[in-house]
>>> print(open('entry.csv').read())   # CSV, C-alpha atoms and all ligand atoms
chain,number,residue,atom,x,y,z
J,1431,MET,CA,-17.0,-17.5,256.3
J,1432,LYS,CA,-14.7,-14.8,254.9
J,1433,THR,CA,-13.6,-13.1,258.1
J,1434,PHE,CA,-13.7,-14.0,261.7
J,1435,THR,CA,-13.7,-11.1,264.1
J,1436,ASN,CA,-16.9,-11.6,266.2
J,1437,VAL,CA,-19.7,-14.0,267.2
J,1438,MET,CA,-21.9,-13.0,264.2
J,1439,ASP,CA,-19.3,-14.4,261.8
J,1440,ILE,CA,-19.7,-17.9,263.1
J,1441,GLY,CA,-23.4,-18.0,262.7
J,1442,ASP,CA,-25.5,-20.5,264.6
J,1443,LEU,CA,-23.7,-21.4,267.9
J,1444,SER,CA,-25.2,-24.8,268.4
J,1445,GLN,CA,-24.0,-25.8,264.9
J,1446,ALA,CA,-20.5,-24.4,265.7
J,1447,LEU,CA,-20.5,-26.3,269.0
J,1448,ALA,CA,-21.5,-29.5,267.2
J,1449,GLU,CA,-18.7,-29.0,264.6
J,1450,ALA,CA,-16.2,-28.5,267.5
J,1451,GLN,CA,-17.3,-31.8,269.1
J,1452,LEU,CA,-16.9,-33.5,265.7
J,1453,ILE,CA,-13.4,-32.1,265.2
J,1454,LYS,CA,-12.5,-33.1,268.8
J,1455,LYS,CA,-13.3,-36.8,268.0
J,1456,ASP,CA,-10.8,-36.7,265.1
J,1457,ARG,CA,-9.0,-33.5,264.5
J,1458,TYR,CA,-7.4,-34.7,261.3
J,1459,GLN,CA,-10.6,-35.6,259.4
J,1460,PHE,CA,-10.5,-32.4,257.3
J,1461,GLU,CA,-6.7,-32.7,256.5
J,1462,HIS,CA,-7.4,-32.7,252.8
J,1463,LEU,CA,-9.0,-29.2,252.9
J,1464,GLY,CA,-5.7,-27.4,253.5
J,1465,LYS,CA,-3.5,-29.1,250.9
J,1466,HIS,CA,-1.2,-26.5,249.2
J,1467,LYS,CA,-2.8,-23.8,251.2
J,1468,THR,CA,-0.7,-21.5,253.4
J,1469,CYS,CA,-1.8,-19.8,256.6
J,1470,LEU,CA,0.1,-16.7,257.6
J,1471,LEU,CA,0.0,-15.7,261.3
J,1472,ILE,CA,1.1,-12.1,262.0
J,1473,PHE,CA,1.9,-11.1,265.6
J,1474,PHE,CA,2.3,-7.5,266.6
J,1475,ASN,CA,2.2,-8.7,270.3
J,1476,ASN,CA,3.4,-11.6,272.4
J,1477,SER,CA,1.5,-14.9,272.6
J,1478,LEU,CA,1.9,-18.4,273.8
J,1479,ARG,CA,-1.5,-20.1,273.4
J,1480,THR,CA,-2.6,-18.4,270.2
J,1481,ARG,CA,0.7,-18.9,268.6
J,1482,LEU,CA,0.9,-22.6,269.3
J,1483,SER,CA,-2.8,-23.6,269.1
J,1484,THR,CA,-3.4,-21.8,265.8
J,1485,GLN,CA,-0.4,-23.4,264.2
J,1486,LYS,CA,-1.5,-26.8,265.4
J,1487,ALA,CA,-5.0,-26.1,264.0
J,1488,ALA,CA,-3.7,-25.2,260.6
J,1489,ARG,CA,-1.6,-28.4,260.5
J,1490,ASN,CA,-4.6,-30.4,261.6
J,1491,LEU,CA,-6.2,-29.2,258.4
J,1492,GLY,CA,-3.1,-30.0,256.2
J,1493,MET,CA,-2.0,-26.4,255.8
J,1494,ASP,CA,1.4,-24.9,255.6
J,1495,VAL,CA,2.0,-22.2,258.3
J,1496,ILE,CA,4.2,-19.1,258.2
J,1497,VAL,CA,4.6,-17.1,261.5
J,1498,LEU,CA,5.8,-13.6,261.4
J,1499,ASP,CA,6.6,-11.6,264.6
J,1500,VAL,CA,6.5,-8.1,263.2
J,1501,ASN,CA,8.7,-6.8,266.0
J,1502,GLN,CA,11.4,-9.4,265.7
J,1503,GLY,CA,13.2,-9.4,262.4
J,1504,ALA,CA,10.7,-7.6,260.1
J,1505,TRP,CA,10.9,-3.9,259.3
J,1506,LYS,CA,9.3,-1.6,261.7
J,1507,LEU,CA,5.9,-0.8,260.3
J,1508,GLU,CA,4.2,2.5,260.0
J,1509,THR,CA,0.4,2.1,260.3
J,1510,GLU,CA,-0.7,5.8,259.9
J,1511,ARG,CA,-1.4,7.1,256.4
J,1512,GLY,CA,0.0,10.5,255.5
J,1513,VAL,CA,3.0,10.4,257.9
J,1514,ILE,CA,6.4,11.6,256.7
J,1515,MET,CA,8.4,8.5,257.3
J,1516,ASP,CA,11.6,10.1,258.6
J,1517,GLY,CA,11.6,8.2,261.9
J,1518,ASP,CA,12.4,4.6,262.8
J,1519,LYS,CA,9.8,2.9,260.7
J,1520,SER,CA,11.1,1.6,257.4
J,1521,GLU,CA,8.0,0.2,255.8
J,1522,HIS,CA,4.3,1.1,255.6
J,1523,LEU,CA,1.5,-1.3,256.3
J,1524,LEU,CA,-0.1,-0.3,253.0
J,1525,GLU,CA,2.8,-2.0,251.1
J,1526,ALA,CA,3.4,-4.7,253.7
J,1527,ILE,CA,-0.2,-6.1,253.6
J,1528,PRO,CA,-0.5,-6.7,249.9
J,1529,VAL,CA,3.1,-8.1,249.8
J,1530,MET,CA,2.4,-10.6,252.6
J,1531,SER,CA,-0.9,-11.6,251.2
J,1532,ASN,CA,0.8,-12.8,248.0
J,1533,TYR,CA,2.5,-15.6,250.0
J,1534,CYS,CA,-0.6,-17.0,251.7
J,1535,ASP,CA,-4.3,-18.0,251.4
J,1536,ILE,CA,-5.5,-17.1,254.9
J,1537,ILE,CA,-4.2,-14.4,257.4
J,1538,GLY,CA,-4.4,-14.3,261.2
J,1539,VAL,CA,-3.6,-11.1,262.9
J,1540,ARG,CA,-2.8,-10.3,266.5
J,1541,SER,CA,-2.8,-6.6,267.2
J,1542,PHE,CA,-3.7,-5.4,270.7
J,1543,ALA,CA,-5.3,-2.1,271.7
J,1544,ARG,CA,-2.6,0.5,271.8
J,1545,PHE,CA,-4.5,2.8,274.2
J,1546,GLU,CA,-3.4,5.8,272.2
J,1547,SER,CA,-6.8,6.6,270.9
J,1548,ARG,CA,-10.1,5.0,271.8
J,1549,GLU,CA,-11.4,5.7,268.4
J,1550,ASP,CA,-8.5,4.0,266.6
J,1551,ASP,CA,-8.8,0.9,268.9
J,1552,TYR,CA,-12.6,0.7,268.7
J,1553,THR,CA,-12.7,1.1,264.9
J,1554,GLU,CA,-10.1,-1.8,264.7
J,1555,LYS,CA,-7.9,0.4,262.6
J,1556,ILE,CA,-5.1,-2.2,262.1
J,1557,LEU,CA,-7.3,-5.4,261.7
J,1558,ASN,CA,-9.6,-3.6,259.2
J,1559,GLN,CA,-6.6,-2.6,257.0
J,1560,PHE,CA,-5.7,-6.3,256.7
J,1561,ILE,CA,-9.4,-7.1,255.8
J,1562,LYS,CA,-9.5,-4.2,253.3
J,1563,TYR,CA,-6.1,-4.5,251.6
J,1564,SER,CA,-5.1,-8.2,251.7
J,1565,GLY,CA,-7.9,-9.6,249.5
J,1566,LYS,CA,-7.6,-12.8,251.7
J,1567,PRO,CA,-9.8,-14.2,254.5
J,1568,VAL,CA,-8.6,-12.6,257.7
J,1569,PHE,CA,-9.2,-13.8,261.2
J,1570,SER,CA,-8.5,-12.1,264.6
J,1571,MET,CA,-6.0,-13.7,266.9
J,1572,GLU,CA,-6.9,-10.9,269.4
J,1573,ALA,CA,-7.3,-7.5,267.9
J,1574,ALA,CA,-7.9,-4.2,269.6
J,1575,THR,CA,-11.4,-4.9,270.9
J,1576,GLY,CA,-12.0,-8.7,270.5
J,1577,HIS,CA,-10.5,-12.1,271.0
J,1578,PRO,CA,-13.1,-14.4,269.3
J,1579,LEU,CA,-11.0,-17.5,269.2
J,1580,GLN,CA,-10.7,-17.3,272.9
J,1581,ALA,CA,-14.4,-16.7,273.5
J,1582,PHE,CA,-15.3,-19.7,271.2
J,1583,ALA,CA,-12.9,-21.9,273.2
J,1584,ASP,CA,-14.5,-20.7,276.4
J,1585,LEU,CA,-18.0,-21.5,275.1
J,1586,ILE,CA,-16.9,-25.0,274.1
J,1587,THR,CA,-15.5,-25.5,277.6
J,1588,ILE,CA,-18.7,-24.3,279.3
J,1589,GLU,CA,-20.7,-26.5,277.1
J,1590,GLU,CA,-18.5,-29.5,278.1
J,1591,HIS,CA,-18.7,-28.8,281.8
J,1592,LYS,CA,-22.2,-27.4,282.5
J,1593,ARG,CA,-24.3,-29.2,285.1
J,1594,THR,CA,-27.6,-27.4,284.2
J,1595,GLN,CA,-29.3,-26.6,280.9
J,1596,ARG,CA,-28.9,-22.8,281.3
J,1597,PRO,CA,-26.0,-22.2,283.7
J,1598,LYS,CA,-25.3,-18.9,285.4
J,1599,VAL,CA,-22.0,-17.6,284.0
J,1600,VAL,CA,-20.3,-14.6,285.7
J,1601,LEU,CA,-17.6,-12.4,284.1
J,1602,THR,CA,-15.7,-10.7,286.9
J,1603,TRP,CA,-13.1,-8.0,286.8
J,1604,ALA,CA,-10.0,-8.7,288.9
J,1605,PRO,CA,-7.0,-6.5,289.8
J,1606,HIS,CA,-3.8,-6.4,287.8
J,1607,PRO,CA,-0.7,-4.1,288.0
J,1608,LYS,CA,-0.7,-3.1,284.3
J,1609,ALA,CA,-3.3,-1.8,281.8
J,1610,LEU,CA,-4.8,-4.6,279.9
J,1611,PRO,CA,-7.1,-4.5,276.8
J,1612,GLN,CA,-10.8,-5.1,276.9
J,1613,ALA,CA,-10.6,-7.6,274.0
J,1614,VAL,CA,-11.1,-10.7,276.1
J,1615,PRO,CA,-14.1,-9.5,278.2
J,1616,ASN,CA,-15.7,-7.9,275.2
J,1617,SER,CA,-15.6,-11.1,273.2
J,1618,PHE,CA,-16.6,-13.2,276.2
J,1619,ALA,CA,-19.7,-10.9,276.6
J,1620,ASP,CA,-20.3,-11.0,272.8
J,1621,TRP,CA,-20.5,-14.8,272.8
J,1622,MET,CA,-22.3,-15.3,276.2
J,1623,ASN,CA,-25.0,-12.9,275.0
J,1624,GLU,CA,-25.7,-15.3,272.1
J,1625,ALA,CA,-25.3,-18.5,274.1
J,1626,ASP,CA,-28.0,-20.3,276.2
J,1627,VAL,CA,-26.6,-19.1,279.6
J,1628,ASP,CA,-27.7,-16.7,282.3
J,1629,PHE,CA,-25.0,-14.1,281.9
J,1630,VAL,CA,-23.9,-11.5,284.6
J,1631,ILE,CA,-21.0,-9.0,284.5
J,1632,THR,CA,-19.5,-7.6,287.6
J,1633,HIS,CA,-16.8,-4.9,288.0
J,1634,PRO,CA,-16.0,-1.8,290.0
J,1635,GLU,CA,-17.8,1.4,288.9
J,1636,GLY,CA,-16.0,3.1,286.1
J,1637,TYR,CA,-15.1,-0.2,284.3
J,1638,GLU,CA,-18.3,-0.4,282.2
J,1639,LEU,CA,-17.6,-2.3,279.0
J,1640,ASP,CA,-18.7,-0.9,275.7
J,1641,PRO,CA,-22.6,-1.2,275.2
J,1642,LYS,CA,-21.9,-2.9,271.8
J,1643,PHE,CA,-20.6,-5.9,273.7
J,1644,VAL,CA,-22.7,-5.7,277.0
J,1645,ARG,CA,-26.0,-5.5,275.1
J,1646,GLY,CA,-28.8,-6.9,277.3
J,1647,ALA,CA,-26.4,-8.5,279.9
J,1648,LYS,CA,-27.0,-7.9,283.6
J,1649,VAL,CA,-24.4,-5.7,285.2
J,1650,GLU,CA,-24.1,-6.1,289.0
J,1651,TYR,CA,-21.6,-3.9,290.9
J,1652,ASP,CA,-21.8,-6.0,294.0
J,1653,GLN,CA,-19.3,-8.9,293.3
J,1654,LYS,CA,-20.8,-11.1,296.1
J,1655,LYS,CA,-24.3,-10.7,294.8
J,1656,ALA,CA,-23.1,-11.5,291.3
J,1657,PHE,CA,-21.4,-14.7,292.4
J,1658,GLU,CA,-24.4,-16.1,294.1
J,1659,GLY,CA,-25.6,-19.2,292.3
J,1660,ALA,CA,-22.9,-19.0,289.7
J,1661,GLU,CA,-21.9,-22.2,287.9
J,1662,PHE,CA,-18.9,-20.6,286.1
J,1663,ILE,CA,-16.7,-17.7,287.2
J,1664,TYR,CA,-14.8,-16.2,284.4
J,1665,ALA,CA,-12.1,-13.8,285.8
J,1666,LYS,CA,-10.3,-11.1,283.7
J,1667,ASN,CA,-8.7,-7.8,284.3
J,1668,TRP,CA,-9.3,-4.9,281.9
J,1669,ALA,CA,-8.3,-1.3,281.9
J,1670,CYS,CA,-10.9,1.4,281.8
J,1671,PRO,CA,-12.9,1.2,278.6
J,1672,GLY,CA,-13.7,4.9,278.8
J,1673,VAL,CA,-17.4,4.5,278.3
J,1674,THR,CA,-18.5,6.8,281.1
J,1675,ASN,CA,-15.4,9.0,281.0
J,1676,PRO,CA,-13.5,8.9,277.6
J,1677,ALA,CA,-10.5,10.7,279.3
J,1678,ASP,CA,-10.0,7.6,281.4
J,1679,TYR,CA,-9.7,5.3,278.5
J,1680,GLY,CA,-6.9,2.7,279.0
J,1681,LYS,CA,-6.2,3.8,282.6
J,1682,VAL,CA,-5.9,1.6,285.7
J,1683,LEU,CA,-8.6,3.0,288.0
J,1684,SER,CA,-8.4,0.4,290.7
J,1685,LYS,CA,-6.1,-2.3,292.0
J,1686,ASP,CA,-8.6,-3.3,294.7
J,1687,MET,CA,-7.4,-6.7,295.9
J,1688,SER,CA,-10.8,-7.5,297.5
J,1689,TRP,CA,-11.8,-8.4,293.9
J,1690,THR,CA,-9.1,-11.2,293.7
J,1691,VAL,CA,-10.9,-14.5,293.3
J,1692,ASP,CA,-10.1,-16.6,296.4
J,1693,THR,CA,-11.7,-19.5,298.1
J,1694,GLU,CA,-14.1,-17.2,300.0
J,1695,HIS,CA,-15.3,-15.7,296.7
J,1696,MET,CA,-15.8,-19.2,295.3
J,1697,SER,CA,-17.8,-20.2,298.4
J,1698,TRP,CA,-20.5,-17.6,297.4
J,1699,THR,CA,-21.1,-19.6,294.2
J,1700,ASN,CA,-22.9,-22.8,293.4
J,1701,ASN,CA,-19.7,-24.8,293.5
J,1702,ALA,CA,-18.6,-22.9,290.4
J,1703,PHE,CA,-15.9,-23.8,287.9
J,1704,PHE,CA,-13.1,-21.2,287.6
J,1705,MET,CA,-12.1,-19.9,284.2
J,1706,HIS,CA,-9.4,-17.6,282.8
J,1707,CYS,CA,-8.0,-17.2,279.3
J,1708,LEU,CA,-4.4,-17.2,280.6
J,1709,PRO,CA,-1.7,-15.8,281.0
J,1710,VAL,CA,-2.8,-15.1,284.5
J,1711,ARG,CA,-1.0,-13.4,287.4
J,1712,ARG,CA,-1.5,-15.6,290.4
J,1713,ASN,CA,-2.6,-13.9,293.7
J,1714,MET,CA,-3.6,-10.8,291.8
J,1715,ILE,CA,-6.4,-12.2,289.6
J,1716,VAL,CA,-6.9,-15.5,291.4
J,1717,THR,CA,-5.3,-17.3,294.4
J,1718,ASP,CA,-3.1,-20.4,294.1
J,1719,ASP,CA,-5.8,-22.4,295.8
J,1720,VAL,CA,-8.5,-21.5,293.4
J,1721,ILE,CA,-6.5,-22.0,290.2
J,1722,GLU,CA,-5.1,-25.3,291.4
J,1723,ALA,CA,-8.5,-26.7,292.6
J,1724,PRO,CA,-10.2,-29.5,290.7
J,1725,THR,CA,-12.9,-27.0,289.7
J,1726,SER,CA,-10.3,-24.9,287.8
J,1727,LEU,CA,-10.8,-25.2,284.0
J,1728,VAL,CA,-7.9,-23.1,282.8
J,1729,ILE,CA,-6.0,-26.0,281.2
J,1730,PRO,CA,-9.0,-27.6,279.4
J,1731,GLU,CA,-9.9,-24.1,278.3
J,1732,ALA,CA,-6.5,-23.5,276.8
J,1733,ALA,CA,-6.6,-27.0,275.1
J,1734,ASN,CA,-9.9,-26.0,273.5
J,1735,ARG,CA,-8.1,-23.2,271.7
J,1736,GLU,CA,-6.9,-25.8,269.2
J,1737,ILE,CA,-10.5,-26.9,268.6
J,1738,SER,CA,-11.9,-23.4,268.2
J,1739,ALA,CA,-9.1,-22.5,265.8
J,1740,THR,CA,-9.6,-25.7,263.8
J,1741,VAL,CA,-13.3,-25.0,263.3
J,1742,VAL,CA,-12.6,-21.4,262.3
J,1743,LEU,CA,-9.8,-22.3,259.8
J,1744,LYS,CA,-11.9,-25.1,258.4
J,1745,ARG,CA,-14.7,-22.6,257.6
J,1746,LEU,CA,-12.3,-20.0,256.1
J,1747,LEU,CA,-10.8,-22.8,254.0
J,1748,GLU,CA,-14.2,-23.8,252.8
J,1749,SER,CA,-14.8,-20.2,251.6
J,1750,LEU,CA,-11.7,-20.1,249.3
Z,1,LIG,C1,-3.6,-10.0,277.1
Z,1,LIG,C2,-4.9,-9.3,277.3
Z,1,LIG,O1,-5.3,-9.1,278.5
Z,1,LIG,O2,-5.6,-8.9,276.4
Z,1,LIG,C3,-3.8,-11.3,276.4
Z,1,LIG,C4,-4.8,-12.2,276.9
Z,1,LIG,C5,-5.0,-13.4,276.1
Z,1,LIG,N1,-2.9,-10.2,278.3
Z,1,LIG,C6,-1.8,-9.7,278.7
Z,1,LIG,O3,-1.2,-8.9,278.0
Z,1,LIG,C7,-1.1,-10.1,280.0
Z,2,LIG,N1,-5.2,-16.8,275.9
Z,2,LIG,C1,-4.4,-16.3,274.9
Z,2,LIG,O1,-4.8,-15.8,273.9
Z,2,LIG,O2,-3.1,-16.5,275.3
Z,2,LIG,P1,-1.8,-16.0,274.5
Z,2,LIG,O3,-1.8,-14.5,274.7
Z,2,LIG,O4,-0.6,-16.6,275.1
Z,2,LIG,O5,-1.9,-16.3,273.0
>>> encode(input="entry.csv", output="structure tokens", more="lines below")
Ligand code: AN0
Ligand code: CP
Amino acid sequence: MKTFTNVMDIGDLSQALAEAQLIKKDRYQFEHLGKHKTCLLIFFNNSLRTRLSTQKAARNLGMDVIVLDVNQGAWKLETERGVIMDGDKSEHLLEAIPVMSNYCDIIGVRSFARFESREDDYTEKILNQFIKYSGKPVFSMEAATGHPLQAFADLITIEEHKRTQRPKVVLTWAPHPKALPQAVPNSFADWMNEADVDFVITHPEGYELDPKFVRGAKVEYDQKKAFEGAEFIYAKNWACPGVTNPADYGKVLSKDMSWTVDTEHMSWTNNAFFMHCLPVRRNMIVTDDVIEAPTSLVIPEAANREISATVVLKRLLESL
């Protein structure tokens, strides 16, 4: 595996899940693979889980790790080619990428959607420059349109907790005060569409996700109907993806609190587990009662981020 940006990169999912379980039994068993190899983690945006779990995963594999927060201590980077750089940006990404790639063997990039241009975000303008100009294996730590390390950890968590062979898994939009990217729901859909689950997406009208990620999934606008019989509820807010109306891209179209996942919502399900990638705003996305219930999987889900990252870094190391 040379890059990791979507579900196709990982190949057969049952094999990937088996590898995750193997690593969970002894997470240091591939420690020899990373000897004298360096993993560079570049953050254009904040992070708690990804920052810690990916460093832990790299160390499980015996790698050295360098973390760079671009906005804290590095030069401000210009990302647009052709710009006259007379503003506050001192360095261009086109120099920074090949320079950074000299110091490492594998590069992880976190670069959220900027909501300035749908096209720039959906063509993964920043991540693809790293892939093109670094000459190193690159993996997404949440880019503009995807968060595959999260979706892989979510799939591992579902596999570990499912009570039926083919569980009903529901991705539900929930309200949030600020505009958030579509990366998490896009990747969740990307992975669930390939997994052995009955997958349903529910959201208010206008929040349609990009067809590239929805593919054949069922979309149900009635949240109550969607929740019926569900074994897993996966909540997430996202801003308008601009599918039906490109002018609305990145806008907050609704803060409808009737979509907040509370105990009544959970009573519509088949005693479902609650999932969220975190960070979560309590009593906006989900009530205290639901996130604190024994059926809440948010903590094991976050713990599985170390496992998904270890599988991914192992495969990237094997490609060197
Ligand atoms: C980010 C998002 O919604 O994409 C990161 C989630 C893992 N969340 C926030 O910015 C709050
Ligand atoms: N879930 C997730 O990626 O969390 P962070 O933004 O804290 O890394």
>>> closest_residue(input="entry.csv", among="J:Cys1469, J:Ala1574, J:Met1696, J:Ile1721", to="Asn1532 in chain J", atoms="all atoms listed in the file")
J:Cys1469
>>> residues_near_ligand(input="entry.csv", ligand="ligand LIG 2 (chain Z)", cutoff="7 Å", atoms="only C-alpha atoms and all ligand atoms", output="list in words")
Asn1476, Ser1477, Leu1478, Arg1479, Thr1480, Arg1481, Glu1572, Gln1580, Cys1707, Leu1708, Pro1709 and Ala1732 of chain J
>>> closest_atom_pairs(input="entry.csv", of="chain J", to="ligand LIG 1 (chain Z)", cutoff="7 Å", atoms="all atoms listed in the file", output="tab-separated table")
residue	atom	partner	partner_atom	distance
J:Phe1542	CA	Z:LIG1	O2	7.0
J:Leu1610	CA	Z:LIG1	O1	4.7
J:Pro1611	CA	Z:LIG1	O2	4.7
J:Gln1612	CA	Z:LIG1	O2	6.5
J:Ala1613	CA	Z:LIG1	O2	5.7
J:Val1614	CA	Z:LIG1	O2	5.8
J:Asn1667	CA	Z:LIG1	O1	6.8
J:Trp1668	CA	Z:LIG1	O1	6.7
J:Cys1707	CA	Z:LIG1	C5	5.8
J:Leu1708	CA	Z:LIG1	C5	5.9
J:Pro1709	CA	Z:LIG1	C7	5.8
J:Val1710	CA	Z:LIG1	C7	6.9
>>> residues_around(input="entry.csv", residues="Asn1675 in chain J", least_positions_apart="3", cutoff="10 Å", atoms="only C-alpha atoms", output="PDB file with C-alpha atoms, in the coordinates of the input")
ATOM      1  CA  GLY J1636     -16.000   3.100 286.100  1.00  0.00           C
ATOM      2  CA  TYR J1637     -15.100  -0.200 284.300  1.00  0.00           C
ATOM      3  CA  GLU J1638     -18.300  -0.400 282.200  1.00  0.00           C
ATOM      4  CA  CYS J1670     -10.900   1.400 281.800  1.00  0.00           C
ATOM      5  CA  PRO J1671     -12.900   1.200 278.600  1.00  0.00           C
ATOM      6  CA  GLY J1672     -13.700   4.900 278.800  1.00  0.00           C
ATOM      7  CA  ASP J1678     -10.000   7.600 281.400  1.00  0.00           C
ATOM      8  CA  TYR J1679      -9.700   5.300 278.500  1.00  0.00           C
TER       9      TYR J1679
END
>>> atom_distance(input="entry.csv", atom1="CA of Ala1625 in chain J", atom2="CA of Ser1444 in chain J")
8.5 Å
>>> atom_distance(input="entry.csv", atom1="CA of Thr1717 in chain J", atom2="CA of Thr1690 in chain J")
7.2 Å
>>> residues_around(input="entry.csv", residues="Ser1483 in chain J", least_positions_apart="2", cutoff="8 Å", atoms="all atoms listed in the file", output="mmCIF file with C-alpha atoms, keeping the file's coordinate frame")
data_model
loop_
_atom_site.group_PDB
_atom_site.id
_atom_site.type_symbol
_atom_site.label_atom_id
_atom_site.label_comp_id
_atom_site.auth_asym_id
_atom_site.auth_seq_id
_atom_site.Cartn_x
_atom_site.Cartn_y
_atom_site.Cartn_z
ATOM 1 C CA ARG J 1479 -1.500 -20.100 273.400
ATOM 2 C CA THR J 1480 -2.600 -18.400 270.200
ATOM 3 C CA ARG J 1481 0.700 -18.900 268.600
ATOM 4 C CA GLN J 1485 -0.400 -23.400 264.200
ATOM 5 C CA LYS J 1486 -1.500 -26.800 265.400
ATOM 6 C CA ALA J 1487 -5.000 -26.100 264.000
ATOM 7 C CA ALA J 1733 -6.600 -27.000 275.100
ATOM 8 C CA ARG J 1735 -8.100 -23.200 271.700
ATOM 9 C CA GLU J 1736 -6.900 -25.800 269.200
ATOM 10 C CA ALA J 1739 -9.100 -22.500 265.800
#
>>> closest_residue(input="entry.csv", among="J:Pro1641, J:Gly1659, J:Gly1492, J:Pro1607", to="Gly1464 in chain J", atoms="only C-alpha atoms")
J:Gly1492
>>> residues_around(input="entry.csv", residues="Thr1587 in chain J", least_positions_apart="4", cutoff="9 Å", atoms="all atoms listed in the file", output="PyMOL selection string")
chain J and resi 1582-1583+1591-1592+1727+1730-1731+1734
>>> atom_distance(input="entry.csv", atom1="CA of His1695 in chain J", atom2="CA of Glu1658 in chain J")
9.5 Å
>>> closest_residue(input="entry.csv", among="J:Arg1544, J:Lys1566, J:Arg1596, J:Arg1489", to="Ile1527 in chain J", atoms="all atoms listed in the file")
J:Lys1566
>>> build_atoms(input="entry.csv", residues="range 1658-1669 of chain J", atoms="N, CA, C and O atoms", output="PDB file, in the frame of the given file")
ATOM      1  N   GLU J1658     -23.435 -15.196 293.542  1.00  0.00           N
ATOM      2  CA  GLU J1658     -24.400 -16.100 294.100  1.00  0.00           C
ATOM      3  C   GLU J1658     -25.090 -16.982 293.073  1.00  0.00           C
ATOM      4  O   GLU J1658     -25.639 -16.465 292.099  1.00  0.00           O
ATOM      5  N   GLY J1659     -25.001 -18.297 293.264  1.00  0.00           N
ATOM      6  CA  GLY J1659     -25.600 -19.200 292.300  1.00  0.00           C
ATOM      7  C   GLY J1659     -24.883 -19.479 291.053  1.00  0.00           C
ATOM      8  O   GLY J1659     -25.342 -20.225 290.183  1.00  0.00           O
ATOM      9  N   ALA J1660     -23.692 -18.879 290.924  1.00  0.00           N
ATOM     10  CA  ALA J1660     -22.900 -19.000 289.700  1.00  0.00           C
ATOM     11  C   ALA J1660     -22.415 -20.441 289.488  1.00  0.00           C
ATOM     12  O   ALA J1660     -21.995 -21.093 290.446  1.00  0.00           O
ATOM     13  N   GLU J1661     -22.431 -20.911 288.241  1.00  0.00           N
ATOM     14  CA  GLU J1661     -21.900 -22.200 287.900  1.00  0.00           C
ATOM     15  C   GLU J1661     -20.506 -22.081 287.249  1.00  0.00           C
ATOM     16  O   GLU J1661     -19.702 -23.001 287.234  1.00  0.00           O
ATOM     17  N   PHE J1662     -20.251 -20.886 286.684  1.00  0.00           N
ATOM     18  CA  PHE J1662     -18.900 -20.600 286.100  1.00  0.00           C
ATOM     19  C   PHE J1662     -18.529 -19.177 286.473  1.00  0.00           C
ATOM     20  O   PHE J1662     -19.313 -18.235 286.318  1.00  0.00           O
ATOM     21  N   ILE J1663     -17.298 -19.050 286.977  1.00  0.00           N
ATOM     22  CA  ILE J1663     -16.700 -17.700 287.200  1.00  0.00           C
ATOM     23  C   ILE J1663     -15.603 -17.522 286.223  1.00  0.00           C
ATOM     24  O   ILE J1663     -14.651 -18.309 286.149  1.00  0.00           O
ATOM     25  N   TYR J1664     -15.747 -16.467 285.430  1.00  0.00           N
ATOM     26  CA  TYR J1664     -14.800 -16.200 284.400  1.00  0.00           C
ATOM     27  C   TYR J1664     -14.078 -14.856 284.816  1.00  0.00           C
ATOM     28  O   TYR J1664     -14.678 -13.778 284.774  1.00  0.00           O
ATOM     29  N   ALA J1665     -12.826 -14.951 285.266  1.00  0.00           N
ATOM     30  CA  ALA J1665     -12.100 -13.800 285.800  1.00  0.00           C
ATOM     31  C   ALA J1665     -11.274 -13.146 284.665  1.00  0.00           C
ATOM     32  O   ALA J1665     -10.745 -13.856 283.808  1.00  0.00           O
ATOM     33  N   LYS J1666     -11.159 -11.839 284.689  1.00  0.00           N
ATOM     34  CA  LYS J1666     -10.300 -11.100 283.700  1.00  0.00           C
ATOM     35  C   LYS J1666     -10.088  -9.711 284.220  1.00  0.00           C
ATOM     36  O   LYS J1666     -11.038  -9.081 284.661  1.00  0.00           O
ATOM     37  N   ASN J1667      -8.883  -9.226 284.072  1.00  0.00           N
ATOM     38  CA  ASN J1667      -8.700  -7.800 284.300  1.00  0.00           C
ATOM     39  C   ASN J1667      -8.855  -7.061 282.969  1.00  0.00           C
ATOM     40  O   ASN J1667      -8.575  -7.609 281.894  1.00  0.00           O
ATOM     41  N   TRP J1668      -9.331  -5.833 283.037  1.00  0.00           N
ATOM     42  CA  TRP J1668      -9.300  -4.900 281.900  1.00  0.00           C
ATOM     43  C   TRP J1668      -9.095  -3.515 282.372  1.00  0.00           C
ATOM     44  O   TRP J1668      -9.501  -3.177 283.496  1.00  0.00           O
ATOM     45  N   ALA J1669      -8.451  -2.708 281.543  1.00  0.00           N
ATOM     46  CA  ALA J1669      -8.300  -1.300 281.900  1.00  0.00           C
ATOM     47  C   ALA J1669      -9.561  -0.560 281.566  1.00  0.00           C
ATOM     48  O   ALA J1669     -10.458  -1.100 280.924  1.00  0.00           O
TER      49      ALA J1669
END
